[in-house]
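One file, run29.txt, carrying compact mmCIF, C-alpha atoms:
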# COMPACT_ATOMS: atom_id res chain seq x y z
CA MET A 687 -66.18 54.10 248.75
CA THR A 688 -64.44 50.93 249.20
CA GLU A 689 -60.85 50.23 249.72
CA LYS A 690 -60.44 49.07 246.17
CA ASP A 691 -61.86 52.32 244.89
CA ILE A 692 -59.47 54.30 247.02
CA ASN A 693 -56.51 52.20 245.94
CA ILE A 694 -57.40 52.61 242.31
CA GLU A 695 -57.87 56.34 242.72
CA ASP A 696 -54.63 56.62 244.65
CA GLU A 697 -52.78 54.68 242.02
CA GLU A 698 -54.22 56.81 239.27
CA THR A 699 -53.28 60.04 241.03
CA LEU A 700 -49.91 58.64 241.86
CA ASN A 701 -49.40 57.55 238.31
CA GLU A 702 -50.64 60.77 236.84
CA THR A 703 -49.13 63.49 238.96
CA PRO A 704 -45.84 62.59 240.47
CA VAL A 705 -44.47 60.12 237.93
CA GLU A 706 -45.36 62.08 234.84
CA GLU A 707 -44.16 65.35 236.31
CA THR A 708 -40.94 63.75 237.50
CA ASP A 709 -40.19 62.27 234.07
CA LYS A 710 -40.98 65.51 232.31
CA GLU A 711 -38.86 67.52 234.73
CA ALA A 712 -35.98 65.09 234.27
CA GLU A 713 -36.23 65.30 230.50
CA VAL A 714 -36.37 69.12 230.59
CA SER A 715 -33.40 69.34 232.94
CA GLU A 716 -31.42 66.87 230.79
CA ASN A 717 -32.28 68.83 227.64
CA SER A 718 -31.32 72.12 229.27
CA GLU A 719 -28.04 70.63 230.52
CA LYS A 720 -27.30 69.23 227.05
CA SER A 721 -28.10 72.55 225.41
CA GLU A 722 -25.91 74.40 227.94
CA ASP A 723 -23.09 71.90 227.38
CA SER A 724 -23.44 72.20 223.62
CA GLU A 725 -23.53 76.00 223.87
CA ASN A 726 -20.45 75.99 226.10
CA SER A 727 -18.64 73.60 223.77
CA GLU A 728 -19.64 75.68 220.74
CA GLU A 729 -18.48 78.86 222.49
CA GLN A 730 -15.18 77.26 223.45
CA ASP A 731 -14.52 75.67 220.07
CA PRO A 732 -14.53 78.94 218.08
CA LEU A 733 -12.46 80.60 220.78
CA GLU A 734 -9.97 77.77 220.80
CA LYS A 735 -9.93 77.73 217.00
CA ALA A 736 -9.34 81.48 216.90
CA GLN A 737 -6.54 81.23 219.45
CA ALA A 738 -4.93 78.39 217.49
CA GLU A 739 -5.22 80.40 214.29
CA ILE A 740 -3.73 83.45 215.99
CA ALA A 741 -0.80 81.36 217.24
CA GLU A 742 -0.24 79.94 213.77
CA LEU A 743 -0.39 83.37 212.14
CA LYS A 744 1.98 84.74 214.78
CA ASN A 745 4.48 81.98 213.98
CA GLN A 746 4.15 82.69 210.26
CA LEU A 747 4.71 86.39 210.89
CA LEU A 748 7.79 85.68 212.97
CA TYR A 749 9.20 83.47 210.20
CA LYS A 750 8.51 86.14 207.59
CA VAL A 751 10.13 88.84 209.73
CA ALA A 752 13.18 86.64 210.24
CA GLU A 753 13.35 85.87 206.51
CA PHE A 754 13.12 89.55 205.64
CA GLU A 755 15.80 90.46 208.18
CA ASN A 756 18.12 87.83 206.69
CA TYR A 757 17.37 89.12 203.18
CA ARG A 758 18.07 92.70 204.25
CA LYS A 759 21.40 91.73 205.85
CA ARG A 760 22.38 89.69 202.81
CA THR A 761 21.62 92.54 200.38
CA LEU A 762 23.52 95.04 202.54
CA LYS A 763 26.52 92.70 202.56
CA GLU A 764 26.30 92.22 198.77
CA ARG A 765 26.01 95.98 198.24
CA ALA A 766 29.08 96.59 200.40
CA GLU A 767 31.00 93.99 198.42
CA LEU A 768 29.91 95.60 195.15
CA ILE A 769 31.07 99.00 196.35
CA LEU A 770 34.42 97.64 197.44
CA ASN A 771 34.99 95.32 194.48
CA GLY A 772 32.74 96.87 191.81
CA GLY A 773 35.62 98.44 189.95
CA GLU A 774 37.51 95.15 189.72
CA LYS A 775 36.38 94.46 186.15
CA PHE A 776 37.32 97.95 185.05
CA ILE A 777 40.70 97.87 186.77
CA THR A 778 41.62 94.50 185.24
CA SER A 779 40.68 95.84 181.80
CA ILE A 780 43.02 98.85 182.06
CA LEU A 781 45.98 96.97 183.53
CA PRO A 782 47.29 96.05 180.02
CA VAL A 783 47.31 99.76 179.17
CA LEU A 784 49.36 100.41 182.31
CA ASP A 785 51.77 97.67 181.21
CA ASP A 786 52.13 99.37 177.80
CA MET A 787 52.85 102.72 179.46
CA GLU A 788 55.55 101.17 181.64
CA ARG A 789 57.16 99.56 178.58
CA ALA A 790 57.02 102.90 176.73
CA ILE A 791 58.75 104.64 179.62
CA GLU A 792 61.49 101.98 179.69
CA ASN A 793 61.99 102.12 175.91
CA GLY A 794 61.80 105.94 175.88
CA ALA A 795 65.01 106.08 177.88
CA LYS A 796 66.76 104.00 175.19
CA THR A 797 65.86 106.22 172.21
CA ASP A 798 66.35 109.86 171.36
CA ASP A 799 63.85 109.94 168.48
CA PRO A 800 60.76 111.96 169.54
CA GLU A 801 58.74 110.54 166.66
CA VAL A 802 59.03 107.02 168.08
CA LEU A 803 57.90 108.25 171.50
CA ARG A 804 54.97 110.13 169.95
CA GLU A 805 53.91 107.06 167.97
CA GLY A 806 54.10 104.88 171.10
CA MET A 807 52.01 107.36 173.09
CA THR A 808 49.42 107.49 170.27
CA LEU A 809 49.14 103.69 170.24
CA ILE A 810 48.76 103.57 174.03
CA HIS A 811 46.09 106.31 173.90
CA GLN A 812 44.13 104.41 171.22
CA LYS A 813 44.30 101.21 173.22
CA PHE A 814 43.18 103.04 176.35
CA MET A 815 40.20 104.63 174.53
CA LYS A 816 39.14 101.22 173.16
CA THR A 817 39.32 99.79 176.67
CA LEU A 818 37.18 102.63 178.03
CA GLU A 819 34.65 102.19 175.21
CA SER A 820 34.40 98.47 175.98
CA GLN A 821 33.48 99.46 179.56
CA GLY A 822 30.71 101.83 178.35
CA VAL A 823 32.66 105.11 178.52
CA SER A 824 32.26 107.44 175.56
CA LYS A 825 33.27 111.01 174.69
CA ILE A 826 30.67 113.76 174.56
CA ASP A 827 30.57 115.19 171.05
CA THR A 828 31.37 118.91 171.03
CA GLU A 829 32.40 119.61 167.44
CA ASN A 830 29.79 121.92 165.78
CA ALA A 831 27.27 120.85 168.44
CA ASP A 832 24.48 122.95 169.88
CA PHE A 833 25.10 123.99 173.46
CA ASP A 834 23.27 121.58 175.80
CA THR A 835 23.36 122.17 179.55
CA ASP A 836 22.87 118.44 180.13
CA LEU A 837 26.15 117.69 178.36
CA HIS A 838 28.18 120.88 178.35
CA GLU A 839 29.43 123.41 180.87
CA ALA A 840 29.93 126.90 179.45
CA VAL A 841 33.15 128.43 180.78
CA ALA A 842 33.33 131.26 178.25
CA MET A 843 30.99 133.24 175.98
CA VAL A 844 32.50 134.35 172.68
CA PRO A 845 30.77 137.46 171.24
CA GLY A 846 30.71 138.52 167.59
CA MET A 847 30.77 135.06 166.02
CA GLY A 848 27.69 135.66 163.86
CA ASP A 849 24.15 134.37 163.93
CA ASP A 850 25.10 130.91 162.63
CA LYS A 851 27.43 130.36 165.65
CA LYS A 852 25.01 131.72 168.25
CA GLY A 853 24.27 129.01 170.86
CA LYS A 854 26.82 126.66 169.31
CA VAL A 855 29.97 125.19 170.86
CA ILE A 856 32.96 127.13 169.51
CA ASP A 857 35.79 125.39 171.34
CA CYS A 858 36.18 122.46 173.78
CA LEU A 859 38.52 123.28 176.65
CA GLN A 860 38.12 119.96 178.48
CA GLN A 861 36.61 116.80 177.04
CA GLY A 862 33.45 115.42 178.71
CA TYR A 863 32.55 111.75 179.13
CA LYS A 864 29.47 109.58 179.56
CA LEU A 865 29.19 106.18 181.16
CA ASN A 866 26.30 104.20 179.65
CA ASP A 867 24.40 107.40 178.70
CA LYS A 868 25.02 109.01 182.11
CA VAL A 869 27.22 112.10 182.10
CA ILE A 870 30.16 111.50 184.42
CA ARG A 871 31.99 114.70 183.43
CA HIS A 872 30.52 117.65 181.55
CA ALA A 873 32.51 119.02 178.62
CA LYS A 874 33.88 122.48 179.37
CA VAL A 875 33.22 124.59 176.29
CA ALA A 876 33.24 128.11 174.89
CA VAL A 877 29.86 129.12 173.45
CA GLY A 878 29.14 131.66 170.71
CA GLN A 879 26.93 134.67 171.52
Target encoding structure tokens, full file:
Amino acid sequence: MTEKDINIEDEETLNETPVEETDKEAEVSENSEKSEDSENSEEQDPLEKAQAEIAELKNQLLYKVAEFENYRKRTLKERAELILNGGEKFITSILPVLDDMERAIENGAKTDDPEVLREGMTLIHQKFMKTLESQGVSKIDTENADFDTDLHEAVAMVPGMGDDKKGKVIDCLQQGYKLNDKVIRHAKVAVGQ
């Protein structure tokens, strides 16, 4: 073999083995580094996204809790005001009746006629009943009514009234009242047996 042959062979082996293997190894290591970087970035991105979403949801929850707490405090305050001042409308509606009673008392001292006093009291009573009715208060009907435990309270049982009066209201001892269909005082009645 000549020197040229050796040089050519050396160049070919040099070209084939080390250079090709070095390039391939470099490409593989670059690809593996890129894939590791992309995997790390993909793993971090969802984690970061999840943490950001958690932080956002936490803030929203805190705002909602604060809103609800403010709403609860506001409704408690409004309820307390309603309890304290709820009767204001009713009281202002019966004040004219009170004025009439005061005038009747003043004028009653000036007259000796009982009929005038009776007529004045009747007018005041009618005005007072109209005022109560305008506020939703109504009497419970007891005349010839069947005994109803939802409306009536039996304070006496009257025997020997006959079969047609059995279970019926015979007499009303104290008038009962309803406020907007809710019984606020049961009528005290005597019931036939």
Next on the checklist: Could you check the closest approach to Lys813 in chain A for each of A:Pro732, A:Pro782, A:Gly853, A:Gly862 and tell me which residue wins, using all atoms listed in the file?
Outcome noted: A:Pro782
Checklist entry - What is the distance, in Å and to one decimal place, between CA of Gln860 in chain A and CA of Ile769 in chain A? => result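 Computing the Euclidean distance for CA of Gln860 in chain A and CA of Ile769 in chain A yields 28.4 Å.
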Item to check | Spatial neighbours of Gly878 in chain A, max dist 9 Å, only C-alpha atoms, sep filter under 4 positions, as a PyMOL selection string | outcome: chain A and resi 842-849+851-856
Item to check | Expected answer as a ChimeraX atom specification: all residues with atoms within 6 Å of (32.9, 126.6, 172.5), all atoms listed in the file | outcome: /A:855-858,875-877
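Using only C-alpha atoms, the shortest contact distance between Ile870 in chain A and any of A:Asn830, A:Thr808, A:Ser779, A:Ser824 is found at A:Ser824.
In this structure, CA of Val783 in chain A sits 17.7 Å away from CA of Val802 in chain A.
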Checklist entry - By how many Å are CA of Leu809 in chain A and CA of Glu792 in chain A apart? => result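 Separating CA of Leu809 in chain A from CA of Glu792 in chain A is a distance of 15.6 Å.
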Checklist entry - Of the candidates A:Lys775, A:Arg789, A:Lys763, A:Arg804, which one gets nearest to Leu818 in chain A if we count only C-alpha atoms? => result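 For Leu818 in chain A, the nearest of the candidates is A:Lys775.
Considering the residues A:Lys864, A:Ala840, A:Asp799, A:Gly794 and counting only C-alpha atoms, Gly822 in chain A has its shortest atom-to-atom contact with A:Lys864.
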Next on the checklist: Need to verify the contact set: Asn793 in chain A, 12 Å, all atoms listed in the file, exclusion of same-chain residues closer than 5 positions in sequence. Can you return it as a list of chain:residue names?
Outcome noted: A:Asp786, A:Met787, A:Glu788, A:Asp798, A:Asp799, A:Pro800, A:Val802, A:Leu803, A:Gly806, A:Met807
Checklist entry - Given the choices A:Val823, A:Lys816, A:Val869, A:Gln737, which gets closest to Thr835 in chain A if the distance is worked out from only C-alpha atoms? => result A:Val869
Missing atoms in range 831-865 of chain A: can you complete it with N, CA and C atoms, as a PDB file, keeping the file's coordinate frame?
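Dumped everything to part-v1.pdb:
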ATOM      1  N   ALA A 831      28.476 121.286 167.731  1.00  0.00           N
ATOM      2  CA  ALA A 831      27.270 120.850 168.440  1.00  0.00           C
ATOM      3  C   ALA A 831      26.548 122.055 169.023  1.00  0.00           C
ATOM      4  N   ASP A 832      25.242 121.937 169.175  1.00  0.00           N
ATOM      5  CA  ASP A 832      24.480 122.950 169.880  1.00  0.00           C
ATOM      6  C   ASP A 832      24.797 122.843 171.367  1.00  0.00           C
ATOM      7  N   PHE A 833      24.824 123.998 172.029  1.00  0.00           N
ATOM      8  CA  PHE A 833      25.100 123.990 173.460  1.00  0.00           C
ATOM      9  C   PHE A 833      23.942 123.324 174.204  1.00  0.00           C
ATOM     10  N   ASP A 834      24.263 122.326 175.030  1.00  0.00           N
ATOM     11  CA  ASP A 834      23.270 121.580 175.800  1.00  0.00           C
ATOM     12  C   ASP A 834      23.740 121.537 177.253  1.00  0.00           C
ATOM     13  N   THR A 835      22.946 122.107 178.142  1.00  0.00           N
ATOM     14  CA  THR A 835      23.360 122.170 179.550  1.00  0.00           C
ATOM     15  C   THR A 835      23.434 120.788 180.199  1.00  0.00           C
ATOM     16  N   ASP A 836      22.781 119.804 179.594  1.00  0.00           N
ATOM     17  CA  ASP A 836      22.870 118.440 180.130  1.00  0.00           C
ATOM     18  C   ASP A 836      24.221 117.800 179.827  1.00  0.00           C
ATOM     19  N   LEU A 837      24.883 118.289 178.777  1.00  0.00           N
ATOM     20  CA  LEU A 837      26.150 117.690 178.360  1.00  0.00           C
ATOM     21  C   LEU A 837      27.339 118.627 178.517  1.00  0.00           C
ATOM     22  N   HIS A 838      27.093 119.910 178.399  1.00  0.00           N
ATOM     23  CA  HIS A 838      28.180 120.880 178.350  1.00  0.00           C
ATOM     24  C   HIS A 838      28.128 121.837 179.535  1.00  0.00           C
ATOM     25  N   GLU A 839      29.309 122.356 179.864  1.00  0.00           N
ATOM     26  CA  GLU A 839      29.430 123.410 180.870  1.00  0.00           C
ATOM     27  C   GLU A 839      30.097 124.589 180.193  1.00  0.00           C
ATOM     28  N   ALA A 840      29.386 125.713 180.118  1.00  0.00           N
ATOM     29  CA  ALA A 840      29.930 126.900 179.450  1.00  0.00           C
ATOM     30  C   ALA A 840      30.899 127.598 180.399  1.00  0.00           C
ATOM     31  N   VAL A 841      32.154 127.730 179.967  1.00  0.00           N
ATOM     32  CA  VAL A 841      33.150 128.430 180.780  1.00  0.00           C
ATOM     33  C   VAL A 841      33.489 129.778 180.165  1.00  0.00           C
ATOM     34  N   ALA A 842      33.072 129.985 178.909  1.00  0.00           N
ATOM     35  CA  ALA A 842      33.330 131.260 178.250  1.00  0.00           C
ATOM     36  C   ALA A 842      32.251 131.517 177.205  1.00  0.00           C
ATOM     37  N   MET A 843      31.917 132.816 177.036  1.00  0.00           N
ATOM     38  CA  MET A 843      30.990 133.240 175.980  1.00  0.00           C
ATOM     39  C   MET A 843      31.800 134.051 174.986  1.00  0.00           C
ATOM     40  N   VAL A 844      31.718 133.678 173.720  1.00  0.00           N
ATOM     41  CA  VAL A 844      32.500 134.350 172.680  1.00  0.00           C
ATOM     42  C   VAL A 844      31.550 135.231 171.868  1.00  0.00           C
ATOM     43  N   PRO A 845      31.667 136.574 171.988  1.00  0.00           N
ATOM     44  CA  PRO A 845      30.770 137.460 171.240  1.00  0.00           C
ATOM     45  C   PRO A 845      31.268 137.680 169.807  1.00  0.00           C
ATOM     46  N   GLY A 846      30.363 138.117 168.952  1.00  0.00           N
ATOM     47  CA  GLY A 846      30.710 138.520 167.590  1.00  0.00           C
ATOM     48  C   GLY A 846      31.036 137.364 166.660  1.00  0.00           C
ATOM     49  N   MET A 847      30.470 136.207 166.882  1.00  0.00           N
ATOM     50  CA  MET A 847      30.770 135.060 166.020  1.00  0.00           C
ATOM     51  C   MET A 847      29.745 134.939 164.884  1.00  0.00           C
ATOM     52  N   GLY A 848      28.706 135.737 164.902  1.00  0.00           N
ATOM     53  CA  GLY A 848      27.690 135.660 163.860  1.00  0.00           C
ATOM     54  C   GLY A 848      26.495 134.872 164.331  1.00  0.00           C
ATOM     55  N   ASP A 849      25.407 135.028 163.557  1.00  0.00           N
ATOM     56  CA  ASP A 849      24.150 134.370 163.930  1.00  0.00           C
ATOM     57  C   ASP A 849      24.226 132.845 163.784  1.00  0.00           C
ATOM     58  N   ASP A 850      25.027 132.373 162.834  1.00  0.00           N
ATOM     59  CA  ASP A 850      25.100 130.910 162.630  1.00  0.00           C
ATOM     60  C   ASP A 850      25.851 130.218 163.763  1.00  0.00           C
ATOM     61  N   LYS A 851      26.683 130.956 164.525  1.00  0.00           N
ATOM     62  CA  LYS A 851      27.430 130.360 165.650  1.00  0.00           C
ATOM     63  C   LYS A 851      26.796 130.659 167.000  1.00  0.00           C
ATOM     64  N   LYS A 852      25.668 131.364 167.003  1.00  0.00           N
ATOM     65  CA  LYS A 852      25.010 131.720 168.250  1.00  0.00           C
ATOM     66  C   LYS A 852      24.406 130.456 168.890  1.00  0.00           C
ATOM     67  N   GLY A 853      24.777 130.191 170.149  1.00  0.00           N
ATOM     68  CA  GLY A 853      24.270 129.010 170.860  1.00  0.00           C
ATOM     69  C   GLY A 853      24.974 127.730 170.480  1.00  0.00           C
ATOM     70  N   LYS A 854      26.050 127.841 169.720  1.00  0.00           N
ATOM     71  CA  LYS A 854      26.820 126.660 169.310  1.00  0.00           C
ATOM     72  C   LYS A 854      28.127 126.593 170.095  1.00  0.00           C
ATOM     73  N   VAL A 855      28.690 125.392 170.203  1.00  0.00           N
ATOM     74  CA  VAL A 855      29.970 125.190 170.860  1.00  0.00           C
ATOM     75  C   VAL A 855      31.061 125.646 169.886  1.00  0.00           C
ATOM     76  N   ILE A 856      31.875 126.602 170.336  1.00  0.00           N
ATOM     77  CA  ILE A 856      32.960 127.130 169.510  1.00  0.00           C
ATOM     78  C   ILE A 856      34.240 126.326 169.747  1.00  0.00           C
ATOM     79  N   ASP A 857      34.546 126.069 171.009  1.00  0.00           N
ATOM     80  CA  ASP A 857      35.790 125.390 171.340  1.00  0.00           C
ATOM     81  C   ASP A 857      35.566 124.515 172.568  1.00  0.00           C
ATOM     82  N   CYS A 858      36.251 123.365 172.622  1.00  0.00           N
ATOM     83  CA  CYS A 858      36.180 122.460 173.780  1.00  0.00           C
ATOM     84  C   CYS A 858      37.472 122.619 174.565  1.00  0.00           C
ATOM     85  N   LEU A 859      37.342 123.080 175.810  1.00  0.00           N
ATOM     86  CA  LEU A 859      38.520 123.280 176.650  1.00  0.00           C
ATOM     87  C   LEU A 859      38.875 122.031 177.454  1.00  0.00           C
ATOM     88  N   GLN A 860      37.875 121.236 177.791  1.00  0.00           N
ATOM     89  CA  GLN A 860      38.120 119.960 178.480  1.00  0.00           C
ATOM     90  C   GLN A 860      37.057 118.970 178.025  1.00  0.00           C
ATOM     91  N   GLN A 861      37.514 117.813 177.576  1.00  0.00           N
ATOM     92  CA  GLN A 861      36.610 116.800 177.040  1.00  0.00           C
ATOM     93  C   GLN A 861      35.682 116.253 178.136  1.00  0.00           C
ATOM     94  N   GLY A 862      34.408 116.025 177.787  1.00  0.00           N
ATOM     95  CA  GLY A 862      33.450 115.420 178.710  1.00  0.00           C
ATOM     96  C   GLY A 862      33.227 113.956 178.351  1.00  0.00           C
ATOM     97  N   TYR A 863      32.742 113.186 179.339  1.00  0.00           N
ATOM     98  CA  TYR A 863      32.550 111.750 179.130  1.00  0.00           C
ATOM     99  C   TYR A 863      31.217 111.289 179.708  1.00  0.00           C
ATOM    100  N   LYS A 864      30.690 110.233 179.079  1.00  0.00           N
ATOM    101  CA  LYS A 864      29.470 109.580 179.560  1.00  0.00           C
ATOM    102  C   LYS A 864      29.781 108.126 179.856  1.00  0.00           C
ATOM    103  N   LEU A 865      29.097 107.604 180.842  1.00  0.00           N
ATOM    104  CA  LEU A 865      29.190 106.180 181.160  1.00  0.00           C
ATOM    105  C   LEU A 865      27.797 105.603 180.997  1.00  0.00           C
TER     106      LEU A 865
END
